[in-house]
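Worksheet: one structure, shown below.
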Amino acid sequence: MEQQSFLPFPHGFLWGAASSSHQVEGNTHNNWSVWEQSDRRLSYLKRADLITQYGKDNFISGRGCDHYHYFANDFARAKELGHNATRISLEWSRIEPQEGVFDQAAIQHYRDVIAQLKRLDIEPFVTIWHWTLPLWLSSKGGVAHNDAPQYFARYAHKMATALPDVHFWLTVNEPVIYADNSYLNGNWPPQQRNLFAYFTVLHNLLHAHRAMYQAIKAANGNAAVSAAENIVYYEAYKNKFINRIAKNVGDYFWNSYFFDRIKDHYDFIGLNHYFHNRIQLWSSRNENEKVSDMGWELYPEAIYHVLHTMKKYQKPVYITENGLADAKDRYRKWFITETLKNVHRAISEGVDVRGYLHWSLMDNFEWDKGFWPRFGLLAVNYETLERTPRKSALAFAKICKQNGLSL
Ligand code: BGC
């Protein structure tokens with residue numbers, strides 16, 4: 001008879017899923033929702049023939065999953081799925097719709113969200129800024145504006161004061177990815193390709209993070225604060241010298257740049273992880289044996305290597321995102337299981353990993369790609385807004401509930 005084995009996770013490990021306001025809440029009014037309807041965006045979609053392929057509605061965030069109204073139901077689902085943690089983000093454009101004017105009803109909404117999570121005994125991780133901006137700020141130049149760090153800090157202080165029960169705070173989500181897509185390759189609003197603006201934005205996000213860290217601590221001395229960074233596993237193809245140089249450049253800019261510069265301003269590491277990049281010269285040579293619906297290689301071993309590189313920061317690591325677009329749920333169960341085996345291996349070798357938040361709790365609006373990529377543990381029917389757990393969600397639930405993997 002085959003022997004069953006069990007890989008236990010550390011006591012108190014946090015299990016759950018992540019999402020962000022613009023991607024799930026619905027009816028946001030921010031720089032993204034305006035951009036989605038802009039002539040520039042629509043004419044690009046027409047030119048690239050994407051409207052014929054996916055339909056115009058695919059690219060408009062609209063009512064999203066209406067998580068703004070369904071949150072109690074969604075967290076009840078998460079609870080049934082054995083989650084004891086969840087990551088959400090706050091929608092700045094609701095909270096501060098005009099410069100310096102804070103909307104009490106919007107703040108109360110997030111108080112209700114946190115109270116609901118606490119009632120369910122689900123630990124909240126709250127991201128203050130997941131890429132969307134209030135219109136007053138985007139019209140001033142957005143993150144590139146000189147005073148952006150102060151604006152971020154004022155908003156962070158307001159929310160850390162308003163939500164004293166939140167322990168885990170993430171200041172900014174994936175600053176390097178944001179700067180790259182919005183200011184270098186021009187895919188996201190404000191669609192710039194400007195090296196100077198790119199570095200200005202990175203610089204401002206570093207300052208914003210430090211200022212937000214202090215603002216949150218001033219409001220709540222016990223808070224644990226970090227940023228969420230997208231960490232890529234770079235590998236040098238055949239370990240050749242020239243490939244190693246490219247790998248080091250990748251590691252430097254994508255993986256180390258941000259955390260290395262915010263020393264003494266993080267209490268844990270917020271790790272988002274999706275990519276493996278086996279570099280040959282300056283391009284990728286991944287095997288791509290399995291890929292997601294978005295063509296991203298599924299290479300669960302990558303997280304093991306990435307986790308080892310995080311050891312240098314000497315702080316606990318929380319995996320704040322990891323997942324795949326897989327509408328038919330062909331690979332998700334396998335992907336989660338293999339990923340967690342690798343997380344377990346890293347833990348057993350001394351990496352202090354304390355939580356795993358899958359991306360995402362439910363299908364959602366995948367930025368410039370729109371609604372078609374399906375990242376959810378819960379499948380969403382966008383006509384009826386019905387949520388249905390995918391089979392993989394049930395497999396993940398078993399892992400969460402028993403705090404470990406049965407193999
Ligand atoms: C972002 C999410 C996004 C996910 C999948 C992460 O980089 O934080 O907002 O949906 O990747 O692309």
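Chain labels run A, B, ... following the order of the structure tokens; each chain numbers its residues from 1, and ligands are numbered from 1 in the order shown.
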Query raised in the report: Near Ala325 of chain A, within 7 Å and counting only C-alpha atoms, which residues show up once chain neighbours fewer than 4 positions away are dropped, as a PyMOL selection string?
Result: chain A and resi 292-294+373-375
Mind running chain A against ligand 1 at 8 Å and telling me each contacting residue's nearest atom pair with the distance in Å (one decimal), counting only C-alpha atoms and all ligand atoms, chain and number ascending, as a tab-separated table?
residue	atom	partner	partner_atom_place_in_ligand_line	distance
A:Ser19	CA	ligand 1	9 (O)	7.1
A:Ser20	CA	ligand 1	9 (O)	6.4
A:Gln23	CA	ligand 1	9 (O)	7.3
A:His130	CA	ligand 1	8 (O)	7.2
A:Asn173	CA	ligand 1	8 (O)	6.2
A:Glu174	CA	ligand 1	8 (O)	6.4
A:Ile177	CA	ligand 1	7 (O)	7.2
A:Asn230	CA	ligand 1	7 (O)	6.4
A:Asn272	CA	ligand 1	7 (O)	7.0
A:His273	CA	ligand 1	7 (O)	7.9
A:Tyr274	CA	ligand 1	11 (O)	7.4
A:Glu321	CA	ligand 1	6 (C)	7.0
A:Asn322	CA	ligand 1	11 (O)	7.9
A:Gly323	CA	ligand 1	5 (C)	7.4
A:Leu324	CA	ligand 1	5 (C)	7.3
A:Ala325	CA	ligand 1	5 (C)	7.9
A:Trp359	CA	ligand 1	4 (C)	6.9
A:Ser360	CA	ligand 1	10 (O)	7.9
A:Asn364	CA	ligand 1	10 (O)	7.7
A:Phe365	CA	ligand 1	10 (O)	7.4
A:Glu366	CA	ligand 1	10 (O)	5.1
A:Trp367	CA	ligand 1	10 (O)	6.8
A:Phe375	CA	ligand 1	5 (C)	7.5
Take the selection from the previous step and output its residues with N, CA and C atoms, as a compact mmCIF listing (two decimals), in the first residue's frame.
# COMPACT_ATOMS: atom_id res chain seq x y z
N SER A 19 -6.91 40.27 -3.21
CA SER A 19 -7.61 40.96 -4.30
C SER A 19 -7.25 42.44 -4.20
N SER A 20 -7.74 43.24 -5.16
CA SER A 20 -7.52 44.68 -5.04
C SER A 20 -8.79 45.42 -5.44
N GLN A 23 -10.06 45.96 -9.05
CA GLN A 23 -10.26 44.72 -9.78
C GLN A 23 -11.55 43.99 -9.39
N HIS A 130 -3.01 50.16 -4.50
CA HIS A 130 -2.84 49.13 -5.52
C HIS A 130 -3.13 49.76 -6.89
N ASN A 173 1.68 48.50 -3.86
CA ASN A 173 1.78 47.21 -4.54
C ASN A 173 2.73 47.30 -5.72
N GLU A 174 3.69 46.42 -5.77
CA GLU A 174 4.58 46.24 -6.92
C GLU A 174 5.00 47.55 -7.59
N ILE A 177 6.84 47.20 -11.06
CA ILE A 177 5.94 46.80 -12.16
C ILE A 177 5.10 48.00 -12.59
N ASN A 230 6.93 42.38 -6.57
CA ASN A 230 6.86 41.24 -7.49
C ASN A 230 8.27 40.71 -7.70
N ASN A 272 5.11 39.06 -3.78
CA ASN A 272 4.23 38.60 -4.86
C ASN A 272 5.12 37.84 -5.83
N HIS A 273 4.65 36.69 -6.25
CA HIS A 273 5.52 35.93 -7.15
C HIS A 273 4.72 35.24 -8.26
N TYR A 274 5.14 35.47 -9.49
CA TYR A 274 4.51 34.82 -10.66
C TYR A 274 5.50 34.25 -11.66
N GLU A 321 0.89 37.36 -2.89
CA GLU A 321 0.23 37.00 -4.16
C GLU A 321 0.99 35.88 -4.83
N ASN A 322 0.22 34.98 -5.44
CA ASN A 322 0.80 33.93 -6.27
C ASN A 322 -0.39 33.23 -6.91
N GLY A 323 -0.37 33.02 -8.21
CA GLY A 323 -1.53 32.39 -8.81
C GLY A 323 -1.40 32.31 -10.32
N LEU A 324 -2.51 32.00 -10.98
CA LEU A 324 -2.48 31.77 -12.43
C LEU A 324 -3.87 31.99 -13.03
N ALA A 325 -3.87 32.40 -14.30
CA ALA A 325 -5.13 32.50 -15.03
C ALA A 325 -5.40 31.12 -15.62
N TRP A 359 -3.56 34.46 -5.32
CA TRP A 359 -4.22 35.43 -6.18
C TRP A 359 -5.10 34.65 -7.13
N SER A 360 -6.40 34.68 -6.98
CA SER A 360 -7.15 35.66 -6.23
C SER A 360 -8.36 34.96 -5.60
N ASN A 364 -11.54 38.34 -11.58
CA ASN A 364 -11.62 39.80 -11.48
C ASN A 364 -11.10 40.49 -12.73
N PHE A 365 -11.03 41.80 -12.64
CA PHE A 365 -10.66 42.65 -13.79
C PHE A 365 -9.14 42.73 -13.87
N GLU A 366 -8.58 42.05 -14.87
CA GLU A 366 -7.12 41.94 -14.94
C GLU A 366 -6.54 43.12 -15.75
N TRP A 367 -6.68 44.31 -15.19
CA TRP A 367 -6.06 45.52 -15.71
C TRP A 367 -6.27 45.69 -17.22
N PHE A 375 -8.49 34.27 -12.67
CA PHE A 375 -7.53 33.96 -11.61
C PHE A 375 -8.20 33.42 -10.34
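Here atom CA of Glu386 of chain A is placed at a distance of 22.4 Å from atom CA of Leu357 of chain A.
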Requested in this report: Could you pull out the residues in segment 27-160 of chain A that DSSP calls strand (DSSP E) from the backbone, as a list of chain:residue names?
Outcome: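 Taking segment 27-160 of chain A and keeping strand (DSSP E) gives A:Ala85, A:Thr86, A:Arg87, A:Ile88, A:Ser89, A:Glu123, A:Pro124, A:Phe125, A:Val126, A:Thr127, A:Ile128, A:Trp129.
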With all heavy atoms retained, export the selected residues as a short mmCIF file (atom, residue, chain, number, x, y, z; two decimals), in the first residue's frame.
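Saved as part_28.cif:
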data_model
loop_
_atom_site.label_atom_id
_atom_site.label_comp_id
_atom_site.auth_asym_id
_atom_site.auth_seq_id
_atom_site.Cartn_x
_atom_site.Cartn_y
_atom_site.Cartn_z
N ALA A 85 -6.90 34.30 6.61
CA ALA A 85 -6.34 35.62 6.27
C ALA A 85 -6.88 36.04 4.92
O ALA A 85 -7.29 35.19 4.11
CB ALA A 85 -4.82 35.57 6.23
N THR A 86 -6.88 37.34 4.68
CA THR A 86 -7.29 37.81 3.35
C THR A 86 -6.61 39.13 3.08
O THR A 86 -6.32 39.89 4.01
CB THR A 86 -8.84 37.95 3.25
OG1 THR A 86 -9.25 37.75 1.92
CG2 THR A 86 -9.34 39.31 3.70
N ARG A 87 -6.31 39.40 1.81
CA ARG A 87 -5.69 40.68 1.47
C ARG A 87 -6.65 41.48 0.60
O ARG A 87 -7.16 40.96 -0.39
CB ARG A 87 -4.36 40.43 0.72
CG ARG A 87 -3.70 41.70 0.25
CD ARG A 87 -2.34 41.44 -0.42
NE ARG A 87 -1.88 42.67 -1.03
CZ ARG A 87 -1.24 42.76 -2.18
NH1 ARG A 87 -0.95 41.67 -2.87
NH2 ARG A 87 -0.90 43.94 -2.65
N ILE A 88 -6.87 42.72 1.02
CA ILE A 88 -7.72 43.61 0.24
C ILE A 88 -6.92 44.89 -0.03
O ILE A 88 -5.86 45.09 0.55
CB ILE A 88 -9.01 44.00 0.99
CG1 ILE A 88 -8.64 44.68 2.33
CG2 ILE A 88 -9.90 42.80 1.22
CD1 ILE A 88 -9.75 45.54 2.90
N SER A 89 -7.47 45.77 -0.89
CA SER A 89 -6.85 47.10 -0.96
C SER A 89 -7.92 48.17 -0.80
O SER A 89 -9.11 47.92 -1.02
CB SER A 89 -6.08 47.30 -2.27
OG SER A 89 -6.95 47.64 -3.32
N GLU A 123 -7.70 37.25 9.33
CA GLU A 123 -6.71 38.33 9.54
C GLU A 123 -6.59 39.18 8.28
O GLU A 123 -6.24 38.66 7.21
CB GLU A 123 -5.35 37.68 9.85
CG GLU A 123 -4.25 38.65 10.17
CD GLU A 123 -4.45 39.35 11.52
OE1 GLU A 123 -4.78 38.67 12.50
OE2 GLU A 123 -4.28 40.58 11.55
N PRO A 124 -6.88 40.47 8.38
CA PRO A 124 -6.77 41.30 7.17
C PRO A 124 -5.35 41.78 6.88
O PRO A 124 -4.63 42.18 7.80
CB PRO A 124 -7.67 42.50 7.47
CG PRO A 124 -7.85 42.54 8.95
CD PRO A 124 -7.46 41.20 9.53
N PHE A 125 -4.97 41.73 5.63
CA PHE A 125 -3.78 42.42 5.12
C PHE A 125 -4.34 43.56 4.26
O PHE A 125 -5.10 43.28 3.32
CB PHE A 125 -2.93 41.52 4.23
CG PHE A 125 -2.04 40.58 4.99
CD1 PHE A 125 -2.59 39.54 5.73
CD2 PHE A 125 -0.66 40.72 4.96
CE1 PHE A 125 -1.77 38.66 6.44
CE2 PHE A 125 0.17 39.85 5.67
CZ PHE A 125 -0.38 38.82 6.40
N VAL A 126 -3.98 44.79 4.58
CA VAL A 126 -4.59 45.90 3.86
C VAL A 126 -3.54 46.65 3.03
O VAL A 126 -2.55 47.16 3.57
CB VAL A 126 -5.30 46.87 4.83
CG1 VAL A 126 -5.84 48.09 4.10
CG2 VAL A 126 -6.43 46.15 5.55
N THR A 127 -3.77 46.69 1.73
CA THR A 127 -2.90 47.44 0.84
C THR A 127 -3.46 48.84 0.70
O THR A 127 -4.65 49.01 0.39
CB THR A 127 -2.86 46.81 -0.58
OG1 THR A 127 -2.63 45.41 -0.44
CG2 THR A 127 -1.78 47.42 -1.44
N ILE A 128 -2.63 49.83 0.92
CA ILE A 128 -3.13 51.20 0.84
C ILE A 128 -3.22 51.66 -0.61
O ILE A 128 -4.16 52.34 -1.00
CB ILE A 128 -2.22 52.13 1.66
CG1 ILE A 128 -2.34 51.70 3.13
CG2 ILE A 128 -2.63 53.59 1.49
CD1 ILE A 128 -1.49 52.49 4.07
N TRP A 129 -2.26 51.25 -1.41
CA TRP A 129 -2.30 51.72 -2.81
C TRP A 129 -1.98 50.57 -3.78
O TRP A 129 -0.87 50.09 -3.83
CB TRP A 129 -1.29 52.85 -3.01
CG TRP A 129 -1.33 53.39 -4.41
CD1 TRP A 129 -2.36 54.09 -4.97
CD2 TRP A 129 -0.34 53.26 -5.42
NE1 TRP A 129 -2.06 54.40 -6.28
CE2 TRP A 129 -0.81 53.90 -6.58
CE3 TRP A 129 0.92 52.65 -5.47
CZ2 TRP A 129 -0.09 53.97 -7.77
CZ3 TRP A 129 1.65 52.71 -6.65
CH2 TRP A 129 1.14 53.38 -7.78
#
Applying 9 Å and only C-alpha atoms, which residues near Asn31 of chain A remain after dropping the ones on its own chain fewer than 2 positions away? List them as a PDB file with C-alpha atoms, in the first residue's frame.
ATOM      1  CA  HIS A  29     -14.172  56.447 -10.464  1.00  0.00           C
ATOM      2  CA  SER A  33     -11.853  53.829 -15.037  1.00  0.00           C
ATOM      3  CA  VAL A  34     -11.492  57.101 -16.959  1.00  0.00           C
ATOM      4  CA  TRP A  35      -8.634  55.713 -19.042  1.00  0.00           C
ATOM      5  CA  GLU A  36     -10.626  52.579 -19.893  1.00  0.00           C
ATOM      6  CA  SER A  93     -10.519  57.633  -5.073  1.00  0.00           C
ATOM      7  CA  THR A 132      -5.339  53.437  -8.954  1.00  0.00           C
ATOM      8  CA  LEU A 133      -5.340  57.180  -8.290  1.00  0.00           C
ATOM      9  CA  PRO A 134      -8.004  59.726  -7.432  1.00  0.00           C
ATOM     10  CA  LEU A 135      -8.611  62.039 -10.375  1.00  0.00           C
ATOM     11  CA  LEU A 137      -3.987  63.518  -8.211  1.00  0.00           C
ATOM     12  CA  SER A 138      -3.745  62.012 -11.694  1.00  0.00           C
ATOM     13  CA  SER A 139      -4.652  65.409 -13.177  1.00  0.00           C
ATOM     14  CA  PRO A 189      -2.250  54.999 -17.693  1.00  0.00           C
ATOM     15  CA  PRO A 190      -0.794  57.569 -18.105  1.00  0.00           C
TER      16      PRO A 190
END
Query raised in the report: Hey, which of A:Ile245, A:Ala106, A:Ala148, A:Leu163 ends up closest to Ala219 of chain A? Count only C-alpha atoms.
Result: A:Leu163
Query raised in the report: Nearest to Lys79 of chain A: which of A:Gln191, A:Gln37, A:Gln53, A:Gln116 is it, counting only C-alpha atoms?
Result: A:Gln116
Requested in this report: Determine, counting only C-alpha atoms, which protein, DNA and RNA residues have an atom within 12 Å of an atom of Arg154 of chain A; residues of the same chain fewer than 6 positions away are not included. Present the result as a ChimeraX atom specification.
Outcome: /A:92,95-96,99-102,128,147-148,160-161,208-209,211-216,218-219
Could those residues be written to a file, using C-alpha atoms, as a tab-separated table (two decimals), in the first residue's frame?
chain	number	residue	atom	x	y	z
A	92	TRP	CA	-8.14	55.98	-2.62
A	95	ILE	CA	-11.73	57.84	0.37
A	96	GLU	CA	-10.27	61.15	-0.84
A	99	GLU	CA	-7.75	66.86	-2.58
A	100	GLY	CA	-7.69	66.91	1.23
A	101	VAL	CA	-11.40	66.02	1.51
A	102	PHE	CA	-12.01	62.64	3.09
A	128	ILE	CA	-3.13	51.20	0.84
A	147	ASP	CA	4.37	66.20	-3.54
A	148	ALA	CA	3.09	62.68	-4.26
A	160	ALA	CA	-4.28	53.64	9.75
A	161	THR	CA	-6.07	55.88	12.26
A	208	ALA	CA	6.09	57.50	-0.41
A	209	HIS	CA	6.75	54.10	1.11
A	211	ALA	CA	6.66	58.32	4.61
A	212	MET	CA	3.71	55.91	4.72
A	213	TYR	CA	5.65	53.54	6.95
A	214	GLN	CA	6.18	56.34	9.43
A	215	ALA	CA	2.62	57.61	9.13
A	216	ILE	CA	1.17	54.17	9.83
A	218	ALA	CA	2.55	57.05	14.17
A	219	ALA	CA	-1.11	56.04	14.03
**Report entry** Among the residues A:Ala162, A:Ala346, A:Leu271, A:Leu50, the one that comes closest to Glu301 of chain A [using only C-alpha atoms]
**Finding:**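 Ranking A:Ala162, A:Ala346, A:Leu271, A:Leu50 by distance to Glu301 of chain A, first place goes to A:Ala346.
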Report task. Mind listing the helix (DSSP H, G or I) residues of segment 166-289 of chain A, per DSSP on the backbone, as an MDAnalysis selection string? Result -> chainID A and resid 175:183 195:219 237:239 241:261
Query raised in the report: Which of these residues is nearest to Phe335 of chain A, using only C-alpha atoms: A:Gly221, A:Gly142, A:Gly250, A:Pro300?
Result: A:Pro300
Report task. Could you check how far atom CA of Tyr110 of chain A sits from atom CA of Ser182 of chain A, in Å to one decimal? Result -> 27.6 Å
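Our summary of the geometry notes that atom CA of Ala223 of chain A is positioned 4.7 Å from atom CA of His167 of chain A.
By chain and then residue number, the residues within 7 Å of segment 5-13 of chain A are A:Gln3, A:Trp15, A:His344, A:Arg354, A:Gly355, A:Asn403, A:Gly404, A:Leu405, A:Ser406, A:Leu407, counting only C-alpha atoms and disregarding those fewer than 2 positions away in sequence.
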Limited to N, CA, C and O atoms, could you put the picked residues into a file as a short mmCIF file (atom, residue, chain, number, x, y, z; two decimals), in the first residue's frame?
data_model
loop_
_atom_site.label_atom_id
_atom_site.label_comp_id
_atom_site.auth_asym_id
_atom_site.auth_seq_id
_atom_site.Cartn_x
_atom_site.Cartn_y
_atom_site.Cartn_z
N GLN A 3 2.28 4.71 0.97
CA GLN A 3 2.37 5.42 2.24
C GLN A 3 1.92 6.86 2.02
O GLN A 3 2.41 7.52 1.10
N TRP A 15 -3.35 31.52 5.89
CA TRP A 15 -3.78 30.97 4.60
C TRP A 15 -4.92 31.82 4.06
O TRP A 15 -5.84 32.14 4.81
N HIS A 344 7.18 24.75 1.52
CA HIS A 344 7.49 23.91 2.67
C HIS A 344 8.99 23.60 2.71
O HIS A 344 9.63 23.64 3.77
N ARG A 354 5.56 32.88 6.69
CA ARG A 354 4.46 32.81 7.67
C ARG A 354 3.06 32.88 7.08
O ARG A 354 2.08 32.91 7.82
N GLY A 355 2.97 33.00 5.74
CA GLY A 355 1.63 33.05 5.18
C GLY A 355 1.66 32.88 3.68
O GLY A 355 2.68 33.14 3.02
N ASN A 403 -3.74 22.83 7.85
CA ASN A 403 -2.45 23.52 7.99
C ASN A 403 -1.30 22.67 7.47
O ASN A 403 -0.24 22.57 8.09
N GLY A 404 -1.52 22.09 6.31
CA GLY A 404 -0.45 21.31 5.71
C GLY A 404 -0.95 20.54 4.50
O GLY A 404 -2.14 20.54 4.18
N LEU A 405 0.00 19.85 3.88
CA LEU A 405 -0.28 19.13 2.63
C LEU A 405 -0.26 17.63 2.85
O LEU A 405 0.74 17.10 3.34
N SER A 406 -1.33 16.95 2.43
CA SER A 406 -1.26 15.48 2.42
C SER A 406 -0.82 15.06 1.03
O SER A 406 -1.41 15.51 0.05
N LEU A 407 0.17 14.23 0.97
CA LEU A 407 0.66 13.81 -0.37
C LEU A 407 0.36 12.33 -0.61
O LEU A 407 0.32 11.54 0.30
#
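Distances to Thr320 of chain A were evaluated for A:Ala18, A:Ile231, A:Ile51, A:Leu117 using only C-alpha atoms, and the minimum falls at A:Ala18.
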